[in-house]
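Reproduced below: start_17.cif, with mmCIF, C-alpha atoms.
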data_query
#
loop_
_atom_site.group_PDB
_atom_site.id
_atom_site.type_symbol
_atom_site.label_atom_id
_atom_site.label_comp_id
_atom_site.auth_asym_id
_atom_site.auth_seq_id
_atom_site.Cartn_x
_atom_site.Cartn_y
_atom_site.Cartn_z
ATOM 1 C CA MET A 1 -7.515 28.867 11.890
ATOM 2 C CA LEU A 2 -7.671 25.333 13.071
ATOM 3 C CA TYR A 3 -6.252 22.642 10.839
ATOM 4 C CA GLY A 4 -6.876 19.790 13.171
ATOM 5 C CA ARG A 5 -8.486 16.673 11.881
ATOM 6 C CA PHE A 6 -9.097 15.045 15.175
ATOM 7 C CA GLU A 7 -11.120 17.691 16.983
ATOM 8 C CA GLY A 8 -13.506 15.930 19.296
ATOM 9 C CA THR A 9 -16.046 18.730 19.102
ATOM 10 C CA MET A 10 -16.438 18.517 15.333
ATOM 11 C CA THR A 11 -18.946 16.142 13.804
ATOM 12 C CA ALA A 12 -18.463 13.340 11.287
ATOM 13 C CA ALA A 13 -15.424 14.545 9.354
ATOM 14 C CA THR A 14 -13.225 17.500 10.041
ATOM 15 C CA THR A 15 -11.642 19.422 7.200
ATOM 16 C CA VAL A 16 -10.040 22.764 6.594
ATOM 17 C CA PRO A 17 -13.034 24.844 5.511
ATOM 18 C CA SER A 18 -11.616 26.534 2.449
ATOM 19 C CA LYS A 19 -9.166 23.991 1.015
ATOM 20 C CA LYS A 20 -9.266 20.576 -0.527
ATOM 21 C CA ALA A 21 -6.619 18.086 0.467
ATOM 22 C CA SER A 22 -3.503 20.226 0.599
ATOM 23 C CA SER A 23 -2.125 20.489 -2.949
ATOM 24 C CA ARG A 24 1.358 21.562 -1.927
ATOM 25 C CA ILE A 25 3.344 19.877 0.779
ATOM 26 C CA PRO A 26 6.658 20.829 2.341
ATOM 27 C CA LEU A 27 9.643 19.268 0.614
ATOM 28 C CA THR A 28 11.147 18.469 4.005
ATOM 29 C CA LEU A 29 8.084 16.374 4.842
ATOM 30 C CA VAL A 30 8.511 14.404 1.635
ATOM 31 C CA VAL A 31 12.240 13.883 2.181
ATOM 32 C CA ALA A 32 11.620 12.693 5.735
ATOM 33 C CA LEU A 33 8.484 10.639 5.263
ATOM 34 C CA VAL A 34 9.255 8.691 2.071
ATOM 35 C CA PRO A 35 12.301 6.803 3.392
ATOM 36 C CA ALA A 36 10.720 6.435 6.819
ATOM 37 C CA ALA A 37 7.597 4.910 5.283
ATOM 38 C CA ALA A 38 9.678 2.549 3.154
ATOM 39 C CA ALA A 39 11.669 1.518 6.212
ATOM 40 C CA LEU A 40 8.425 0.914 8.102
ATOM 41 C CA ASN A 41 7.258 -1.364 5.293
ATOM 42 C CA ILE A 42 10.503 -3.314 5.262
ATOM 43 C CA VAL A 43 10.536 -3.726 9.041
ATOM 44 C CA GLY A 44 6.885 -4.755 9.079
ATOM 45 C CA GLY A 45 7.499 -7.363 6.408
ATOM 46 C CA TYR A 46 10.541 -8.651 8.254
ATOM 47 C CA ILE A 47 8.602 -9.008 11.517
ATOM 48 C CA ASN A 48 5.775 -10.720 9.666
ATOM 49 C CA ASN A 49 8.159 -13.239 8.119
ATOM 50 C CA ALA A 50 9.925 -13.822 11.425
ATOM 51 C CA LEU A 51 6.595 -14.598 13.130
ATOM 52 C CA HIS A 52 5.350 -16.643 10.144
ATOM 53 C CA LEU A 53 2.105 -14.711 10.103
ATOM 54 C CA PRO A 54 -0.284 -15.400 7.205
ATOM 55 C CA ILE A 55 -0.414 -11.707 6.323
ATOM 56 C CA PHE A 56 2.165 -9.293 4.957
ATOM 57 C CA LEU A 57 2.380 -6.113 7.099
ATOM 58 C CA ASP A 58 4.465 -4.501 4.364
ATOM 59 C CA MET A 59 2.149 -1.668 3.339
ATOM 60 C CA ILE A 60 1.626 0.330 6.514
ATOM 61 C CA GLY A 61 4.138 2.932 5.398
ATOM 62 C CA THR A 62 2.587 2.961 1.940
ATOM 63 C CA CYS A 63 -0.776 3.809 3.511
ATOM 64 C CA VAL A 64 0.704 6.650 5.536
ATOM 65 C CA ALA A 65 2.666 8.100 2.619
ATOM 66 C CA ALA A 66 -0.203 7.817 0.150
ATOM 67 C CA ILE A 67 -2.665 9.566 2.457
ATOM 68 C CA VAL A 68 -0.321 12.230 3.844
ATOM 69 C CA LEU A 69 1.782 12.990 0.754
ATOM 70 C CA GLY A 70 -0.303 11.772 -2.148
ATOM 71 C CA PRO A 71 -0.955 8.600 -4.119
ATOM 72 C CA TRP A 72 2.107 8.781 -6.367
ATOM 73 C CA TRP A 73 4.483 9.477 -3.490
ATOM 74 C CA GLY A 74 2.960 6.392 -1.926
ATOM 75 C CA ALA A 75 3.675 4.526 -5.151
ATOM 76 C CA LEU A 76 7.316 5.605 -4.912
ATOM 77 C CA VAL A 77 7.385 4.298 -1.345
ATOM 78 C CA GLY A 78 6.014 1.001 -2.597
ATOM 79 C CA VAL A 79 8.718 0.661 -5.220
ATOM 80 C CA ILE A 80 11.460 1.622 -2.766
ATOM 81 C CA THR A 81 10.069 -0.934 -0.299
ATOM 82 C CA ASN A 82 10.210 -3.864 -2.668
ATOM 83 C CA VAL A 83 13.388 -2.928 -4.515
ATOM 84 C CA GLY A 84 15.202 -1.923 -1.331
ATOM 85 C CA GLY A 85 13.837 -4.893 0.562
ATOM 86 C CA SER A 86 15.255 -7.213 -2.076
ATOM 87 C CA PHE A 87 18.689 -6.545 -0.604
ATOM 88 C CA PHE A 88 17.467 -8.297 2.560
ATOM 89 C CA THR A 89 15.025 -10.907 1.321
ATOM 90 C CA GLY A 90 16.202 -11.550 -2.203
ATOM 91 C CA PRO A 91 14.664 -10.535 -5.531
ATOM 92 C CA ILE A 92 11.465 -12.485 -4.969
ATOM 93 C CA GLY A 93 9.647 -9.389 -3.754
ATOM 94 C CA ILE A 94 10.487 -7.078 -6.632
ATOM 95 C CA PRO A 95 7.585 -8.064 -8.916
ATOM 96 C CA PHE A 96 5.176 -7.394 -6.057
ATOM 97 C CA ALA A 97 6.145 -3.727 -6.084
ATOM 98 C CA LEU A 98 3.250 -3.311 -8.513
ATOM 99 C CA ALA A 99 0.844 -4.546 -5.860
ATOM 100 C CA ASN A 100 2.294 -1.972 -3.490
ATOM 101 C CA VAL A 101 1.823 0.720 -6.157
ATOM 102 C CA ALA A 102 -1.799 -0.334 -6.683
ATOM 103 C CA GLY A 103 -2.502 -0.071 -2.968
ATOM 104 C CA ALA A 104 -0.868 3.354 -2.764
ATOM 105 C CA LEU A 105 -2.956 4.711 -5.626
ATOM 106 C CA VAL A 106 -6.243 3.482 -4.159
ATOM 107 C CA TRP A 107 -5.426 4.704 -0.640
ATOM 108 C CA GLY A 108 -4.166 8.037 -1.870
ATOM 109 C CA TYR A 109 -6.958 8.826 -4.321
ATOM 110 C CA GLY A 110 -9.519 7.259 -2.011
ATOM 111 C CA VAL A 111 -8.839 9.673 0.824
ATOM 112 C CA ARG A 112 -7.575 12.743 -1.051
ATOM 113 C CA SER A 113 -9.860 12.727 -4.117
ATOM 114 C CA TRP A 114 -12.854 10.458 -3.524
ATOM 115 C CA GLY A 115 -13.501 11.546 0.060
ATOM 116 C CA MET A 116 -13.598 8.027 1.440
ATOM 117 C CA GLY A 117 -11.983 9.173 4.660
ATOM 118 C CA ARG A 118 -15.048 11.169 5.669
ATOM 119 C CA ASN A 119 -16.295 8.612 8.188
ATOM 120 C CA GLN A 120 -15.472 5.236 9.639
ATOM 121 C CA VAL A 121 -17.694 3.284 7.260
ATOM 122 C CA THR A 122 -16.244 4.758 4.088
ATOM 123 C CA TYR A 123 -12.709 4.413 5.398
ATOM 124 C CA PHE A 124 -13.355 0.748 6.165
ATOM 125 C CA LEU A 125 -14.742 0.291 2.654
ATOM 126 C CA LEU A 126 -11.661 2.015 1.271
ATOM 127 C CA ASN A 127 -9.425 -0.532 2.966
ATOM 128 C CA ILE A 128 -11.488 -3.287 1.391
ATOM 129 C CA LEU A 129 -11.078 -1.607 -2.004
ATOM 130 C CA VAL A 130 -7.334 -1.437 -1.437
ATOM 131 C CA ALA A 131 -7.284 -5.142 -0.641
ATOM 132 C CA LEU A 132 -9.129 -5.959 -3.858
ATOM 133 C CA ALA A 133 -6.861 -3.738 -5.945
ATOM 134 C CA VAL A 134 -3.735 -5.233 -4.411
ATOM 135 C CA SER A 135 -5.054 -8.750 -5.005
ATOM 136 C CA ALA A 136 -5.877 -7.884 -8.600
ATOM 137 C CA ALA A 137 -2.257 -6.836 -9.101
ATOM 138 C CA ALA A 138 -0.620 -9.549 -7.006
ATOM 139 C CA ALA A 139 -2.572 -12.650 -8.011
ATOM 140 C CA PRO A 140 -1.425 -12.667 -11.672
ATOM 141 C CA ILE A 141 2.149 -12.281 -10.445
ATOM 142 C CA VAL A 142 1.743 -15.211 -8.049
ATOM 143 C CA ILE A 143 0.223 -17.349 -10.793
ATOM 144 C CA PHE A 144 2.445 -16.557 -13.757
ATOM 145 C CA VAL A 145 5.750 -15.666 -12.124
ATOM 146 C CA PHE A 146 5.679 -18.041 -9.153
ATOM 147 C CA GLY A 147 3.445 -20.815 -10.407
ATOM 148 C CA GLY A 148 0.870 -20.300 -7.657
ATOM 149 C CA ALA A 149 3.136 -20.529 -4.607
ATOM 150 C CA THR A 150 5.613 -17.998 -3.274
ATOM 151 C CA GLY A 151 6.615 -19.729 -0.055
ATOM 152 C CA HIS A 152 4.378 -17.410 1.963
ATOM 153 C CA SER A 153 2.140 -18.797 4.710
ATOM 154 C CA SER A 154 -0.904 -18.078 2.557
ATOM 155 C CA ASP A 155 0.158 -20.846 0.179
ATOM 156 C CA ALA A 156 -1.580 -23.235 2.574
ATOM 157 C CA LEU A 157 -4.875 -21.494 1.882
ATOM 158 C CA THR A 158 -4.247 -21.713 -1.850
ATOM 159 C CA ALA A 159 -3.584 -25.422 -1.450
ATOM 160 C CA ALA A 160 -6.806 -25.818 0.535
ATOM 161 C CA PHE A 161 -8.835 -24.204 -2.222
ATOM 162 C CA ALA A 162 -7.061 -26.290 -4.846
ATOM 163 C CA GLN A 163 -7.787 -29.456 -2.897
ATOM 164 C CA ALA A 164 -11.415 -28.402 -2.721
ATOM 165 C CA GLY A 165 -11.535 -28.633 -6.473
ATOM 166 C CA ARG A 166 -10.815 -25.054 -7.521
ATOM 167 C CA ASP A 167 -8.550 -24.371 -10.458
ATOM 168 C CA LEU A 168 -5.228 -22.670 -9.780
ATOM 169 C CA VAL A 169 -6.371 -19.195 -10.837
ATOM 170 C CA THR A 170 -9.456 -19.274 -8.602
ATOM 171 C CA ALA A 171 -7.527 -20.759 -5.692
ATOM 172 C CA VAL A 172 -4.812 -18.101 -5.862
ATOM 173 C CA PHE A 173 -7.285 -15.239 -6.263
ATOM 174 C CA ALA A 174 -9.455 -16.466 -3.405
ATOM 175 C CA SER A 175 -6.592 -17.004 -0.986
ATOM 176 C CA ASN A 176 -4.972 -13.734 -1.960
ATOM 177 C CA VAL A 177 -8.193 -11.770 -1.417
ATOM 178 C CA ILE A 178 -8.767 -13.287 2.028
ATOM 179 C CA VAL A 179 -5.218 -12.637 3.206
ATOM 180 C CA SER A 180 -5.139 -9.222 1.589
ATOM 181 C CA LEU A 181 -8.398 -8.182 3.274
ATOM 182 C CA ALA A 182 -6.989 -8.930 6.702
ATOM 183 C CA ASP A 183 -3.651 -7.345 5.904
ATOM 184 C CA LYS A 184 -4.999 -4.123 4.386
ATOM 185 C CA ILE A 185 -7.561 -3.571 7.135
ATOM 186 C CA ILE A 186 -4.823 -3.923 9.715
ATOM 187 C CA ALA A 187 -2.466 -1.712 7.709
ATOM 188 C CA GLY A 188 -5.149 0.883 7.100
ATOM 189 C CA TYR A 189 -5.953 1.321 10.749
ATOM 190 C CA ILE A 190 -2.365 1.219 11.936
ATOM 191 C CA GLY A 191 -1.657 3.855 9.293
ATOM 192 C CA LEU A 192 -4.589 5.895 10.556
ATOM 193 C CA ALA A 193 -3.163 5.771 14.076
ATOM 194 C CA ILE A 194 0.261 6.861 12.802
ATOM 195 C CA ILE A 195 -1.269 9.753 10.862
ATOM 196 C CA ALA A 196 -3.160 10.797 13.976
ATOM 197 C CA ALA A 197 0.163 11.068 15.778
ATOM 198 C CA LEU A 198 1.639 13.396 13.164
ATOM 199 C CA PRO A 199 1.536 17.156 13.751
ATOM 200 C CA ALA A 200 -1.793 18.518 12.604
ATOM 201 C CA ASN A 201 -0.249 21.148 10.324
ATOM 202 C CA LEU A 202 1.400 18.410 8.263
ATOM 203 C CA THR A 203 -1.937 16.787 7.505
ATOM 204 C CA ALA A 204 -3.970 19.930 6.941
ATOM 205 C CA GLY A 205 -6.940 19.525 4.640
ATOM 206 C CA ILE A 206 -6.909 15.742 4.598
ATOM 207 C CA THR A 207 -10.317 14.379 5.506
ATOM 208 C CA LEU A 208 -10.033 11.445 7.837
ATOM 209 C CA PRO A 209 -12.539 10.004 10.313
ATOM 210 C CA ALA A 210 -12.659 12.641 13.011
ATOM 211 C CA GLN A 211 -12.316 11.432 16.532
ATOM 212 C CA SER A 212 -10.617 12.145 19.797
ATOM 213 C CA PRO A 213 -7.173 10.626 20.328
ATOM 214 C CA MET A 214 -8.730 7.895 22.439
ATOM 215 C CA LYS A 215 -11.246 7.122 19.714
ATOM 216 C CA ALA A 216 -8.431 7.109 17.171
ATOM 217 C CA VAL A 217 -6.704 4.423 19.187
ATOM 218 C CA LEU A 218 -9.989 2.578 19.632
ATOM 219 C CA SER A 219 -10.811 2.602 15.921
ATOM 220 C CA ALA A 220 -7.302 1.406 15.141
ATOM 221 C CA VAL A 221 -7.729 -1.423 17.629
ATOM 222 C CA VAL A 222 -11.149 -2.351 16.208
ATOM 223 C CA GLY A 223 -9.774 -2.408 12.698
ATOM 224 C CA ILE A 224 -6.859 -4.535 13.770
ATOM 225 C CA VAL A 225 -9.155 -6.890 15.658
ATOM 226 C CA ILE A 226 -11.284 -7.324 12.530
ATOM 227 C CA GLY A 227 -8.192 -8.046 10.501
ATOM 228 C CA VAL A 228 -6.890 -10.479 13.076
ATOM 229 C CA GLY A 229 -10.331 -12.092 13.187
ATOM 230 C CA LEU A 230 -10.117 -12.758 9.467
ATOM 231 C CA VAL A 231 -6.710 -14.306 10.002
ATOM 232 C CA LEU A 232 -8.074 -16.496 12.786
ATOM 233 C CA VAL A 233 -10.943 -17.592 10.560
ATOM 234 C CA TYR A 234 -8.373 -18.671 8.060
ATOM 235 C CA LEU A 235 -6.171 -20.433 10.597
ATOM 236 C CA LEU A 236 -8.915 -22.207 12.527
ATOM 237 C CA ILE A 237 -11.462 -22.963 9.856
ATOM 238 C CA LEU A 238 -10.117 -22.690 6.350
ATOM 239 C CA ALA A 239 -6.510 -23.825 6.663
ATOM 240 C CA PRO A 240 -6.030 -27.558 6.023
ATOM 241 C CA ALA A 241 -5.485 -29.734 9.092
ATOM 242 C CA PRO A 242 -1.906 -30.942 9.449
ATOM 243 C CA THR A 243 -1.466 -34.412 8.085
ATOM 244 C CA ALA A 244 -0.061 -37.172 10.296
ATOM 245 C CA MET B 1 20.459 45.608 11.627
ATOM 246 C CA SER B 2 18.313 44.449 8.778
ATOM 247 C CA GLU B 3 16.899 40.966 8.341
ATOM 248 C CA ASN B 4 15.681 39.279 5.236
ATOM 249 C CA PRO B 5 12.294 37.854 6.088
ATOM 250 C CA GLU B 6 12.103 35.902 2.843
ATOM 251 C CA THR B 7 12.460 32.348 4.138
ATOM 252 C CA GLU B 8 9.853 30.557 2.121
ATOM 253 C CA GLU B 9 9.549 26.891 2.780
ATOM 254 C CA ARG B 10 10.054 24.855 -0.380
ATOM 255 C CA THR B 11 6.967 22.918 -1.324
ATOM 256 C CA VAL B 12 6.084 20.333 -3.929
ATOM 257 C CA GLY B 13 2.771 19.833 -5.653
ATOM 258 C CA PRO B 14 0.853 16.898 -7.105
ATOM 259 C CA ARG B 15 2.813 17.026 -10.372
ATOM 260 C CA ALA B 16 6.023 16.397 -8.470
ATOM 261 C CA GLY B 17 4.373 13.438 -6.789
ATOM 262 C CA LEU B 18 3.265 12.088 -10.148
ATOM 263 C CA GLY B 19 6.798 12.511 -11.448
ATOM 264 C CA ALA B 20 8.168 10.682 -8.410
ATOM 265 C CA GLY B 21 5.797 7.806 -9.014
ATOM 266 C CA ILE B 22 6.795 7.604 -12.668
ATOM 267 C CA ILE B 23 10.447 7.562 -11.623
ATOM 268 C CA GLY B 24 9.623 4.692 -9.268
ATOM 269 C CA LEU B 25 8.034 2.765 -12.132
ATOM 270 C CA GLY B 26 11.155 3.446 -14.182
ATOM 271 C CA VAL B 27 13.351 2.075 -11.400
ATOM 272 C CA LEU B 28 11.203 -1.025 -11.358
ATOM 273 C CA LEU B 29 11.469 -1.385 -15.135
ATOM 274 C CA ILE B 30 15.251 -1.250 -14.841
ATOM 275 C CA ALA B 31 15.468 -3.563 -11.806
ATOM 276 C CA LEU B 32 13.260 -6.329 -13.099
ATOM 277 C CA PRO B 33 15.413 -7.634 -15.973
ATOM 278 C CA ALA B 34 18.368 -7.696 -13.597
ATOM 279 C CA VAL B 35 16.627 -10.094 -11.222
ATOM 280 C CA VAL B 36 14.271 -12.009 -13.477
ATOM 281 C CA ASP B 37 16.640 -14.946 -13.801
ATOM 282 C CA SER B 38 16.251 -15.516 -10.059
ATOM 283 C CA LEU B 39 12.489 -15.880 -10.278
ATOM 284 C CA PRO B 40 10.943 -19.359 -10.373
ATOM 285 C CA ALA B 41 9.121 -18.892 -13.658
ATOM 286 C CA ALA B 42 12.368 -18.068 -15.404
ATOM 287 C CA GLN B 43 13.773 -21.474 -14.492
ATOM 288 C CA SER B 44 11.384 -23.203 -16.867
ATOM 289 C CA GLU B 45 12.414 -24.251 -20.362
ATOM 290 C CA LEU B 46 10.817 -21.104 -21.766
ATOM 291 C CA GLY B 47 13.279 -18.975 -19.836
ATOM 292 C CA ALA B 48 12.724 -15.458 -18.605
ATOM 293 C CA ALA B 49 10.942 -14.082 -21.658
ATOM 294 C CA PRO B 50 7.349 -14.921 -20.666
ATOM 295 C CA THR B 51 7.917 -13.578 -17.151
ATOM 296 C CA LEU B 52 9.352 -10.349 -18.480
ATOM 297 C CA ALA B 53 6.581 -10.030 -21.029
ATOM 298 C CA GLY B 54 3.885 -10.426 -18.389
ATOM 299 C CA MET B 55 5.518 -7.959 -16.025
ATOM 300 C CA MET B 56 5.896 -5.444 -18.864
ATOM 301 C CA VAL B 57 2.164 -5.694 -19.547
ATOM 302 C CA LEU B 58 1.344 -5.076 -15.894
ATOM 303 C CA MET B 59 3.744 -2.177 -15.617
ATOM 304 C CA GLY B 60 2.454 -0.749 -18.861
ATOM 305 C CA VAL B 61 -0.990 -0.506 -17.263
ATOM 306 C CA PHE B 62 0.429 1.624 -14.468
ATOM 307 C CA VAL B 63 2.402 3.776 -16.882
ATOM 308 C CA ILE B 64 -0.810 4.420 -18.822
ATOM 309 C CA ILE B 65 -2.577 5.383 -15.597
ATOM 310 C CA ALA B 66 0.285 7.770 -14.822
ATOM 311 C CA GLY B 67 0.063 9.235 -18.281
ATOM 312 C CA VAL B 68 -3.679 9.803 -17.975
ATOM 313 C CA MET B 69 -3.195 11.428 -14.593
ATOM 314 C CA SER B 70 -0.637 13.811 -16.089
ATOM 315 C CA PHE B 71 -3.549 15.436 -17.950
ATOM 316 C CA VAL B 72 -5.626 15.639 -14.790
ATOM 317 C CA VAL B 73 -3.168 16.645 -12.106
ATOM 318 C CA LYS B 74 -2.759 20.351 -11.571
ATOM 319 C CA ASP B 75 -0.456 22.068 -9.144
#
As structure tokens:
Amino acid sequence: MLYGRFEGTMTAATTVPSKKASSRIPLTLVVALVPAAAALNIVGGYINNALHLPIFLDMIGTCVAAIVLGPWWGALVGVITNVGGSFFTGPIGIPFALANVAGALVWGYGVRSWGMGRNQVTYFLLNILVALAVSAAAAPIVIFVFGGATGHSSDALTAAFAQAGRDLVTAVFASNVIVSLADKIIAGYIGLAIIAALPANLTAGITLPAQSPMKAVLSAVVGIVIGVGLVLVYLLILAPAPTA
Amino acid sequence: MSENPETEERTVGPRAGLGAGIIGLGVLLIALPAVVDSLPAAQSELGAAPTLAGMMVLMGVFVIIAGVMSFVVKD
């Protein structure tokens, strides 16, 4: 019986015929993937900070864990990411673990329960949903815990909205949604590419957009390009011009 | 020579995942008071109490979601 998800001869979505998303997963997979996913998040966030990118790149591992293992394992990865990452970046990231948890739940339930991985369009919409959920969790934290600015590159976008006459709450929500959209689309498609590289038996029964390996790479690239495009829109059009 | 073919791979189900997520929320609940004094909002004259209160509300939402899912999730 074939458990492959990325069979080029199958149409639309490929699933195991007789099972839903696998209800039991090997313990060894959990023990291996959870810390690896958390490490991927921490490394991604570190690279993002080092390059001063206006995104986050700290939820790629969460995406992979939530889809492959389940939403609540992804939530655990999110907590480990932010609590463990605080040893490197300080405690500023700990409150945002809730945003990571929100993203894990939407990614995990979206693919494994709501069937939003059945084709490219629904998977793209799922990433947008994740971005909105993460923003809904993160924006109140930015406003009430950090006073509207966390020192992240996206603060410039918040300032631009505030200068345009928006109140603090609207400015933070708007900037957070824009940045989160780009970040979660990129993370979603990088995660999809990583999942495609996993052995097929480990991802049995999970419905993801079916495609050949080349198409998997292509869809990941397209998703990343869209996310980068949103970032460029922000940098070139929306970000305030540097003052003399 | 006889061999024991019983080498079942240990597996975990959705309830274990839910439990792991709840444990993660518990770790967060324990970690937050330890670091709240380092957060900007805690430097105000009101101190750390409003920050902690707000974070408790947010985390309570997720705990409620986890509790609801405990009725839904089946192994």
Tell me the residues of chain A close to chain B, meaning within 6 Å using only C-alpha atoms, as a list in words.
->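 The answer, sorted by residue number, is Ser23, Arg24, Ile25, Pro26, Leu27, Trp72, Trp73, Ala75, Leu76, Val79, Val145 and Phe146 of chain A.
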Mind dumping the selected residues with C-alpha atoms as a PDB file, in the frame of the given file?
ATOM      1  CA  SER A  23      -2.125  20.489  -2.949  1.00  0.00           C
ATOM      2  CA  ARG A  24       1.358  21.562  -1.927  1.00  0.00           C
ATOM      3  CA  ILE A  25       3.344  19.877   0.779  1.00  0.00           C
ATOM      4  CA  PRO A  26       6.658  20.829   2.341  1.00  0.00           C
ATOM      5  CA  LEU A  27       9.643  19.268   0.614  1.00  0.00           C
ATOM      6  CA  TRP A  72       2.107   8.781  -6.367  1.00  0.00           C
ATOM      7  CA  TRP A  73       4.483   9.477  -3.490  1.00  0.00           C
ATOM      8  CA  ALA A  75       3.675   4.526  -5.151  1.00  0.00           C
ATOM      9  CA  LEU A  76       7.316   5.605  -4.912  1.00  0.00           C
ATOM     10  CA  VAL A  79       8.718   0.661  -5.220  1.00  0.00           C
ATOM     11  CA  VAL A 145       5.750 -15.666 -12.124  1.00  0.00           C
ATOM     12  CA  PHE A 146       5.679 -18.041  -9.153  1.00  0.00           C
TER      13      PHE A 146
END
Chain and number of each residue from the PyMOL selection byres ((chain A and resi 149) around 12), as number ranges by chain | A: 92, 138-148, 150-159, 162, 168-169, 171-173, 175-176; B: 39-41
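Residues matched by the PyMOL selection byres ((chain A and resi 224) around 10) in this file: A:Ala182, A:Asp183, A:Lys184, A:Ile185, A:Ile186, A:Ala187, A:Gly188, A:Tyr189, A:Ile190, A:Leu218, A:Ser219, A:Ala220, A:Val221, A:Val222, A:Gly223, A:Val225, A:Ile226, A:Gly227, A:Val228, A:Gly229, A:Leu230.
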Got a sec to check which residues sit within 10 Å of (10.8, -6.4, 1.8), counting all atoms listed in the file, and write them as a PyMOL selection string?
-> chain A and resi 38-46+49+56-59+78+80-94+96-97
Starting from 4 Å padding per side, set up an axis-aligned box that covers all listed atoms of range 50-54 of chain A and hand over centre and edge lengths in Å, one decimal, as lines of an AutoDock Vina configuration file.
center_x = 4.8
center_y = -15.2
center_z = 10.2
size_x = 18.2
size_y = 10.8
size_z = 13.9
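Here CA of Ala65 in chain A stands at a distance of 11.2 Å from CA of Val31 in chain A.
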Report the distance between CA of Ala137 in chain A and CA of Ile47 in chain A in Å, rounded to one decimal place.
-> 23.4 Å
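In this model, the gap between CA of Ala197 in chain A and CA of Asn127 in chain A comes to 19.8 Å.
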Given the file shown, determine the residues that the PyMOL selection byres ((chain A and resi 68) around 8) selects; report them as a PDB file with C-alpha atoms, keeping the file's coordinate frame.
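Listed below is the output, result-v9.pdb:
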ATOM      1  CA  VAL A  64       0.704   6.650   5.536  1.00  0.00           C
ATOM      2  CA  ALA A  65       2.666   8.100   2.619  1.00  0.00           C
ATOM      3  CA  ALA A  66      -0.203   7.817   0.150  1.00  0.00           C
ATOM      4  CA  ILE A  67      -2.665   9.566   2.457  1.00  0.00           C
ATOM      5  CA  LEU A  69       1.782  12.990   0.754  1.00  0.00           C
ATOM      6  CA  GLY A  70      -0.303  11.772  -2.148  1.00  0.00           C
ATOM      7  CA  ILE A 195      -1.269   9.753  10.862  1.00  0.00           C
ATOM      8  CA  LEU A 202       1.400  18.410   8.263  1.00  0.00           C
ATOM      9  CA  THR A 203      -1.937  16.787   7.505  1.00  0.00           C
ATOM     10  CA  ILE A 206      -6.909  15.742   4.598  1.00  0.00           C
TER      11      ILE A 206
END
